[in-house]
Amino acid sequence: MTEETPLTVASGRQVTLRYTLALEDGTVVETTDGFEPLTYTVGDGTLIQGLEAVIRGLAPGDRECLQIDPREGFGYPDVGNIHFIERDRFPDDVDPQPGLIVGFSVPNGKEVPGTILDLQGDQVRVDFNHPLAGHTLTFDVEVVAVEPAPEDT
């Protein structure tokens, strides 16, 4: 009887992970600690490409603590993504204060987050860069399982 080689993380495979994603200062951005592990299909957009790239080739039981540079993470902030919006365009139940993250509808029907930077008279300055843009991230990950994609089973 031959021992079967476990599947590794690769495009189209269903992967189950336990992980913690943290900023440079140790602030935890997202974690599965205390929750069910994350199960997703590699390439489905659940994880950004940079996070997927660093775990490719890992097998069940592998655990890594990886640094993700902004280029591979959420990119660098772009000043072109900072816009002024009239205060009266906000719903009455939203009090735009610095640091507040608000969802804005865009023409294609999707919603994008914007972080309120400050108020300047009747204008609100909003940053539409991803909140993690410019940060080096620490991705502490354990691969729990790797399986063929659901449609392959």
# chains A, B, ... in the order shown; residues from 1 in each chain; ligands from 1
$ select_by_dssp --residues "stretch 67-122 of chain A" --states "helix (DSSP H, G or I)" --output "list in words"
Val79, Gly80, Asn81, Arg87, Asp88 and Arg89 of chain A
$ residues_around --residues "A:Gly114" --least-positions-apart "5" --cutoff "7 Å" --atoms "only C-alpha atoms" --output "list of chain:residue names"
A:Ile101, A:Val102, A:Gly103, A:Phe104, A:Val126, A:Asp127, A:Phe128
$ closest_residue --among "A:Pro60, A:Gly73, A:Pro107, A:Gly12" --to "A:Thr41" --atoms "only C-alpha atoms"
A:Gly12
$ residues_around --residues "A:Ser11" --least-positions-apart "2" --cutoff "12 Å" --atoms "only C-alpha atoms" --output "list in words"
Leu7, Thr8, Val9, Arg13, Gln14, Val15, Tyr40, Thr41, Val42, Gly43, Asp44, Gly45, Gln49, Glu52, Ala53, Ile55, Arg56, Gly57, Val146, Glu147, Pro148 and Ala149 of chain A
$ write_last_selection --atoms "C-alpha atoms" --output "PDB file, in the first residue's frame"
ATOM      1  CA  LEU A   7      -2.691  17.978  -1.949  1.00  0.00           C
ATOM      2  CA  THR A   8      -1.044  21.356  -1.614  1.00  0.00           C
ATOM      3  CA  VAL A   9      -2.533  24.840  -1.890  1.00  0.00           C
ATOM      4  CA  ARG A  13      -8.430  23.780  -4.734  1.00  0.00           C
ATOM      5  CA  GLN A  14     -10.640  24.099  -1.689  1.00  0.00           C
ATOM      6  CA  VAL A  15      -8.509  25.155   1.276  1.00  0.00           C
ATOM      7  CA  TYR A  40     -12.542  28.875   0.355  1.00  0.00           C
ATOM      8  CA  THR A  41     -11.498  27.995  -3.189  1.00  0.00           C
ATOM      9  CA  VAL A  42      -8.118  29.353  -4.247  1.00  0.00           C
ATOM     10  CA  GLY A  43      -8.654  32.053  -6.863  1.00  0.00           C
ATOM     11  CA  ASP A  44     -12.262  32.877  -5.949  1.00  0.00           C
ATOM     12  CA  GLY A  45     -11.342  36.318  -4.596  1.00  0.00           C
ATOM     13  CA  GLN A  49      -3.628  37.437  -4.590  1.00  0.00           C
ATOM     14  CA  GLU A  52      -2.729  33.392  -1.797  1.00  0.00           C
ATOM     15  CA  ALA A  53       0.697  33.588  -3.438  1.00  0.00           C
ATOM     16  CA  ILE A  55       0.662  30.018   0.829  1.00  0.00           C
ATOM     17  CA  ARG A  56       0.816  28.226  -2.544  1.00  0.00           C
ATOM     18  CA  GLY A  57       2.482  24.869  -2.161  1.00  0.00           C
ATOM     19  CA  VAL A 146      -6.623  20.991   1.038  1.00  0.00           C
ATOM     20  CA  GLU A 147      -9.146  19.245  -1.190  1.00  0.00           C
ATOM     21  CA  PRO A 148     -10.012  19.183  -4.870  1.00  0.00           C
ATOM     22  CA  ALA A 149     -12.346  22.000  -5.879  1.00  0.00           C
TER      23      ALA A 149
END
$ select_by_dssp --residues "chain A" --states "strand (DSSP E or B)" --output "number ranges by chain"
A: 14-22, 28-31, 38-41, 63-68, 82-86, 101-105, 111-120, 123-127, 137-147
